[in-house]
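As structure tokens, the structure follows; a few thoughts come after it.
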Amino acid sequence: MTLCPVCRTEAVHHLALPHTEVVRCSSAHCGLQFALKQLEDKELSQAYRSFYYPSNGQAPRLQFPSTPTGVLRQMFRQLQNRMPPFEGLRLLDYGCGLGSLLVVAREFGFTPEGIEQDPVACHEASATVGNRIYRSIDDLSRHDPAARFDLVTVWNVIEHLREPWADLQQLRRLLRPGGSLLVTTMNVHCVRARLEGSKWENYANPTHFYYFDRRSLQRLIRHAGFGSVKEWKPHLRHPHHGTMRTLFYDVSNYIGVSGVVFYLSGVESSSATAHPAAIAGQKGASSSIEVGNSGK
Ligand SMILES: [Zn+2]
């Protein structure tokens, strides 16, 4: 039996993909979808090289381009209404890719820092941003043990992580009391996912291990120990969208079937000060959970 790694309810077959099987948690309160078998490290590294970050000598084949900077600017503009003035605040972008969010964050006054596991992307982001980009949370903590951030962004990255609850628990320790976590990901209940089924680009992407909706993402963030988890619906205009598509986007957003979901979470002073024991306890609990690819 396969168990949901977040709520431990039985997960059942959802759909078959060429590279894996997607299973779905059968709890009405969770419903997390995940890849039963995740790509091994070597295959995963090749997939990133092929789909996202071609290395020297290879023709670019960027099938999953990053968010346009114009859209990131709209997001930060709207985030200004929900946070203290950005000037001088420390931002950490987890899984920063080529660093475009960091560049835009700096325009808005943040002191931006990034973590990127992929060596090619890490190198390029470092050159673009002009900062050291860390390879992992441990790498950051080694160089700056006291680092605490006002905003941590996990922008279209959570679906790529092998055990996203563990990453979120670690990121929670890096937030200042009163700091915020912003998580965005694609929505499995969006209209395109419903129409395209297994052909939907976020199922077809072999580097994705989890497929969220509003409910399962919120549940995951709470599972990682965040006390205040709120959906955010920024109004973002994509430059290539015409009037009809913009209207469609607005309606989808309103009724909760938009292509992307956003969650903003805070960390309260009390939970921040209590975190070492709490995190240790949660880590122990999560490590005992059977994860999709080994929990058959
Ligand atoms: Zn579940």
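Each chain in the structure tokens gets a letter, A, B and so on, in the order shown; residues start at 1 in every chain, and ligands are counted from 1 in the order they appear.
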Inset, instruction - Extract the full set of helix (DSSP H, G or I) residues from stretch 89-163 of chain A according to DSSP on the backbone, and format it as number ranges by chain. - result: A: 100-107, 119-129, 137-143, 158-160
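By only C-alpha atoms, and with residues fewer than 4 positions from A:Pro164 along its chain excluded, the set lying at most 9 Å from it is Ile158, Glu159, His160, Leu168, Gln169, Tyr210, Leu220 and Ala224 of chain A.
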Output of the above residues as a PDB file, in the first residue's frame, restricted to N, CA and C atoms:
ATOM      1  N   ILE A 158       8.564  23.950  -5.457  1.00  0.00           N
ATOM      2  CA  ILE A 158       8.164  22.934  -4.473  1.00  0.00           C
ATOM      3  C   ILE A 158       7.832  21.594  -5.137  1.00  0.00           C
ATOM      4  N   GLU A 159       7.321  21.662  -6.380  1.00  0.00           N
ATOM      5  CA  GLU A 159       6.939  20.434  -7.099  1.00  0.00           C
ATOM      6  C   GLU A 159       8.156  19.617  -7.534  1.00  0.00           C
ATOM      7  N   HIS A 160       9.356  20.242  -7.494  1.00  0.00           N
ATOM      8  CA  HIS A 160      10.582  19.558  -7.911  1.00  0.00           C
ATOM      9  C   HIS A 160      11.294  18.853  -6.746  1.00  0.00           C
ATOM     10  N   LEU A 168      10.808  22.734   3.634  1.00  0.00           N
ATOM     11  CA  LEU A 168      10.045  23.832   4.255  1.00  0.00           C
ATOM     12  C   LEU A 168      10.371  23.942   5.748  1.00  0.00           C
ATOM     13  N   GLN A 169      10.558  22.813   6.396  1.00  0.00           N
ATOM     14  CA  GLN A 169      10.921  22.860   7.824  1.00  0.00           C
ATOM     15  C   GLN A 169      12.254  23.569   8.018  1.00  0.00           C
ATOM     16  N   TYR A 210       5.698  16.220  -7.422  1.00  0.00           N
ATOM     17  CA  TYR A 210       4.431  16.475  -6.714  1.00  0.00           C
ATOM     18  C   TYR A 210       3.578  17.386  -7.586  1.00  0.00           C
ATOM     19  N   LEU A 220       0.432  20.857   3.107  1.00  0.00           N
ATOM     20  CA  LEU A 220       1.875  20.602   3.176  1.00  0.00           C
ATOM     21  C   LEU A 220       2.581  21.698   3.981  1.00  0.00           C
ATOM     22  N   ALA A 224       4.628  21.442   7.619  1.00  0.00           N
ATOM     23  CA  ALA A 224       6.016  21.855   7.848  1.00  0.00           C
ATOM     24  C   ALA A 224       6.141  22.787   9.047  1.00  0.00           C
TER      25      ALA A 224
END
Legend entry - Every residue of stretch 27-219 of chain A that DSSP places in strand (DSSP E or B), as an MDAnalysis selection string: chainID A and resid 33:35 90:94 111:115 133:134 149:155 175:187 210:212
Within 9 Å of stretch 122-127 of chain A, which residues of stretch 132-216 of chain A come that close, and what is the closest atom pair and distance in Å for each? Count only C-alpha atoms and give it as a Markdown table.
| residue | atom | partner | partner_atom | distance |
| --- | --- | --- | --- | --- |
| A:Arg132 | CA | A:Ser126 | CA | 5.5 |
| A:Ile133 | CA | A:Ser126 | CA | 5.4 |
| A:Tyr134 | CA | A:Cys122 | CA | 7.5 |
| A:Arg135 | CA | A:Cys122 | CA | 7.1 |
Can you check which parts of chain A lie within 8 Å of ligand 1? Per residue, the shortest pair of atoms and distance in Å to one decimal, counting only C-alpha atoms and all ligand atoms, sorted by chain and number, as a tab-separated table.
residue	atom	partner	partner_atom_place_in_ligand_line	distance
A:Leu3	CA	ligand 1	1 (Zn)	7.8
A:Cys4	CA	ligand 1	1 (Zn)	4.6
A:Pro5	CA	ligand 1	1 (Zn)	6.7
A:Val6	CA	ligand 1	1 (Zn)	5.2
A:Cys7	CA	ligand 1	1 (Zn)	4.2
A:Arg8	CA	ligand 1	1 (Zn)	6.0
A:Thr9	CA	ligand 1	1 (Zn)	5.6
A:Glu10	CA	ligand 1	1 (Zn)	7.7
A:Ala11	CA	ligand 1	1 (Zn)	7.5
A:Arg24	CA	ligand 1	1 (Zn)	7.9
A:Cys25	CA	ligand 1	1 (Zn)	4.6
A:Ser26	CA	ligand 1	1 (Zn)	6.9
A:Ser27	CA	ligand 1	1 (Zn)	5.7
A:His29	CA	ligand 1	1 (Zn)	7.3
A:Cys30	CA	ligand 1	1 (Zn)	4.4
A:Gly31	CA	ligand 1	1 (Zn)	5.4
A:Leu32	CA	ligand 1	1 (Zn)	5.2
A:Ser216	CA	ligand 1	1 (Zn)	7.3
Any chance you could export the current selection's C-alpha atoms as a PDB file, in the first residue's frame?
ATOM      1  CA  LEU A   3       0.755   6.118   1.824  1.00  0.00           C
ATOM      2  CA  CYS A   4       0.509   9.868   1.345  1.00  0.00           C
ATOM      3  CA  PRO A   5       3.793  11.250   2.726  1.00  0.00           C
ATOM      4  CA  VAL A   6       1.985  14.224   4.294  1.00  0.00           C
ATOM      5  CA  CYS A   7      -1.132  12.775   5.979  1.00  0.00           C
ATOM      6  CA  ARG A   8      -0.410   9.001   5.756  1.00  0.00           C
ATOM      7  CA  THR A   9      -3.770   8.186   4.170  1.00  0.00           C
ATOM      8  CA  GLU A  10      -3.739   5.569   1.412  1.00  0.00           C
ATOM      9  CA  ALA A  11      -2.847   6.900  -2.040  1.00  0.00           C
ATOM     10  CA  ARG A  24      -3.447  10.602  -5.311  1.00  0.00           C
ATOM     11  CA  CYS A  25      -3.990  10.747  -1.565  1.00  0.00           C
ATOM     12  CA  SER A  26      -7.566   9.588  -0.935  1.00  0.00           C
ATOM     13  CA  SER A  27      -8.144  11.930   2.043  1.00  0.00           C
ATOM     14  CA  HIS A  29      -8.652  16.977   3.493  1.00  0.00           C
ATOM     15  CA  CYS A  30      -5.417  16.503   1.533  1.00  0.00           C
ATOM     16  CA  GLY A  31      -5.640  14.955  -1.952  1.00  0.00           C
ATOM     17  CA  LEU A  32      -1.920  15.349  -2.640  1.00  0.00           C
ATOM     18  CA  SER A 216      -2.813  19.924  -0.705  1.00  0.00           C
TER      19      SER A 216
END
Set out as a Markdown table a contact list for stretch 121-182 of chain A and stretch 85-90 of chain A with a cut-off of 7 Å, giving each residue of stretch 121-182 of chain A that qualifies its closest atom pair and distance in Å to one decimal, counting only C-alpha atoms, ordered by chain and rising residue number.
| residue | atom | partner | partner_atom | distance |
| --- | --- | --- | --- | --- |
| A:Phe149 | CA | A:Arg90 | CA | 5.0 |
| A:Asp150 | CA | A:Arg90 | CA | 5.4 |
| A:Leu151 | CA | A:Arg90 | CA | 6.6 |
Can you write out the residues you just picked, keeping N, CA and C atoms, as an mmCIF file, in the first residue's frame?
data_model
loop_
_atom_site.group_PDB
_atom_site.id
_atom_site.type_symbol
_atom_site.label_atom_id
_atom_site.label_comp_id
_atom_site.auth_asym_id
_atom_site.auth_seq_id
_atom_site.Cartn_x
_atom_site.Cartn_y
_atom_site.Cartn_z
ATOM 1 N N PHE A 149 16.045 35.535 7.343
ATOM 2 C CA PHE A 149 15.481 36.278 6.222
ATOM 3 C C PHE A 149 14.093 36.822 6.549
ATOM 4 N N ASP A 150 13.771 37.944 5.889
ATOM 5 C CA ASP A 150 12.450 38.547 6.059
ATOM 6 C C ASP A 150 11.436 37.917 5.109
ATOM 7 N N LEU A 151 11.929 37.447 3.966
ATOM 8 C CA LEU A 151 11.047 36.798 2.992
ATOM 9 C C LEU A 151 11.811 35.642 2.350
#
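The two atoms in question, atom CA of A:Gly178 and atom CA of A:Gly227, are spaced 11.4 Å apart.
In terms of minimum interatomic distance to A:Gly179, A:Phe226 ranks closest within A:Trp232, A:Tyr52, A:Phe226, A:Phe34, counting only C-alpha atoms.
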